[in-house]
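Engineer: Before I ask anything, let me first share the structure, which is written out below as structure tokens.
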Amino acid sequence: MAELILVFATNADAMIATKALKDAGVRAKMIPKPAGVDSTANLCLTIEGSAERDAASVLSVAGISFGGVAR
């Protein structure tokens, strides 16, 4: 399945989300924001498309909001 890009409002949110996801067993990789993605942060996360629900659940429980998903 394709990778998804999770977009955050701040770089700090992206870094905190990376740790929360990894602690929960969801593979996440921090990447520079792609040129076509609209965000104030310079960092995004990639996850496997099959992990979208798990990632959303983990981030919700951790109180981390993300600005959207780029496919």
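FYI, nothing fancy with the structure tokens labels: chains A, B, ... in order, residues from 1 per chain, ligands from 1 as they appear.
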Find the residues around range 53-57 of chain A up to 12 Å (only C-alpha atoms counted), leave out those fewer than 6 positions away in its own chain, and share them as a PyMOL selection string.
Structural biologist: chain A and resi 4-6+17-28+45-47+63-69
Engineer: Can you list every residue in range 4-50 of chain A that DSSP puts in helix (DSSP H, G or I), as a PDB file with N, CA and C atoms, in the first residue's frame?
Structural biologist:
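Writing done, so here's selection-v4.pdb:
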ATOM      1  N   ASN A  11       6.833  22.139  13.581  1.00  0.00           N
ATOM      2  CA  ASN A  11       7.866  21.107  13.578  1.00  0.00           C
ATOM      3  C   ASN A  11       7.858  20.335  14.892  1.00  0.00           C
ATOM      4  N   ALA A  12       7.581  21.021  15.987  1.00  0.00           N
ATOM      5  CA  ALA A  12       7.529  20.357  17.292  1.00  0.00           C
ATOM      6  C   ALA A  12       6.434  19.290  17.306  1.00  0.00           C
ATOM      7  N   ASP A  13       5.272  19.604  16.740  1.00  0.00           N
ATOM      8  CA  ASP A  13       4.188  18.612  16.662  1.00  0.00           C
ATOM      9  C   ASP A  13       4.632  17.392  15.868  1.00  0.00           C
ATOM     10  N   ALA A  14       5.348  17.603  14.783  1.00  0.00           N
ATOM     11  CA  ALA A  14       5.825  16.483  13.957  1.00  0.00           C
ATOM     12  C   ALA A  14       6.802  15.617  14.754  1.00  0.00           C
ATOM     13  N   MET A  15       7.682  16.242  15.531  1.00  0.00           N
ATOM     14  CA  MET A  15       8.660  15.486  16.317  1.00  0.00           C
ATOM     15  C   MET A  15       7.976  14.710  17.449  1.00  0.00           C
ATOM     16  N   ILE A  16       7.024  15.347  18.121  1.00  0.00           N
ATOM     17  CA  ILE A  16       6.287  14.675  19.200  1.00  0.00           C
ATOM     18  C   ILE A  16       5.472  13.520  18.637  1.00  0.00           C
ATOM     19  N   ALA A  17       4.849  13.742  17.480  1.00  0.00           N
ATOM     20  CA  ALA A  17       4.048  12.698  16.841  1.00  0.00           C
ATOM     21  C   ALA A  17       4.917  11.506  16.452  1.00  0.00           C
ATOM     22  N   THR A  18       6.130  11.767  15.976  1.00  0.00           N
ATOM     23  CA  THR A  18       7.039  10.686  15.613  1.00  0.00           C
ATOM     24  C   THR A  18       7.282   9.770  16.800  1.00  0.00           C
ATOM     25  N   LYS A  19       7.572  10.350  17.935  1.00  0.00           N
ATOM     26  CA  LYS A  19       7.832   9.554  19.139  1.00  0.00           C
ATOM     27  C   LYS A  19       6.588   8.800  19.587  1.00  0.00           C
ATOM     28  N   ALA A  20       5.437   9.478  19.591  1.00  0.00           N
ATOM     29  CA  ALA A  20       4.195   8.825  20.026  1.00  0.00           C
ATOM     30  C   ALA A  20       3.861   7.640  19.126  1.00  0.00           C
ATOM     31  N   LEU A  21       4.017   7.817  17.834  1.00  0.00           N
ATOM     32  CA  LEU A  21       3.715   6.729  16.902  1.00  0.00           C
ATOM     33  C   LEU A  21       4.686   5.571  17.060  1.00  0.00           C
ATOM     34  N   LYS A  22       5.965   5.873  17.170  1.00  0.00           N
ATOM     35  CA  LYS A  22       6.961   4.806  17.331  1.00  0.00           C
ATOM     36  C   LYS A  22       6.746   4.058  18.643  1.00  0.00           C
ATOM     37  N   ASP A  23       6.415   4.782  19.716  1.00  0.00           N
ATOM     38  CA  ASP A  23       6.145   4.137  21.009  1.00  0.00           C
ATOM     39  C   ASP A  23       4.941   3.203  20.919  1.00  0.00           C
ATOM     40  N   GLY A  49       0.028   3.435   4.325  1.00  0.00           N
ATOM     41  CA  GLY A  49      -1.395   3.722   4.185  1.00  0.00           C
ATOM     42  C   GLY A  49      -2.267   2.837   5.051  1.00  0.00           C
ATOM     43  N   SER A  50      -1.832   1.600   5.254  1.00  0.00           N
ATOM     44  CA  SER A  50      -2.606   0.664   6.080  1.00  0.00           C
ATOM     45  C   SER A  50      -2.594   1.041   7.560  1.00  0.00           C
TER      46      SER A  50
END
Engineer: Mind giving me the straight-line distance from CA of Ala2 in chain A to CA of Glu48 in chain A in Å, one decimal?
Structural biologist: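 Value for the CA of Ala2 in chain A-CA of Glu48 in chain A distance: 6.3 Å.
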Engineer: Any idea what the distance is between CA of Arg71 in chain A and CA of Pro34 in chain A?
Structural biologist: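 These atoms are spaced 11.7 Å apart.
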Engineer: When you count only C-alpha atoms, which of these residues is closest to Glu3 in chain A: A:Val61, A:Ala70, A:Ala35, A:Cys44?
Structural biologist: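 Closest to Glu3 in chain A, using only C-alpha atoms: A:Ala70.
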Engineer: Determine which residues of chain A DSSP labels as strand (DSSP E or B) from the backbone of this structure, then write them out as a list in words.
Structural biologist: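 Written out, the strand (DSSP E or B) residues of chain A are Glu3, Leu4, Ile5, Leu6, Val7, Lys29, Met30, Ile31, Pro32, Leu43, Cys44, Leu45, Thr46, Ile47, Glu48, Gly68, Val69 and Ala70 of chain A.
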Engineer: For a test of reading the model, state the distance in Å between CA of Val37 in chain A and CA of Ser60 in chain A, rounded to one decimal.
Structural biologist: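 That distance, rounded to one decimal, is 22.1 Å.
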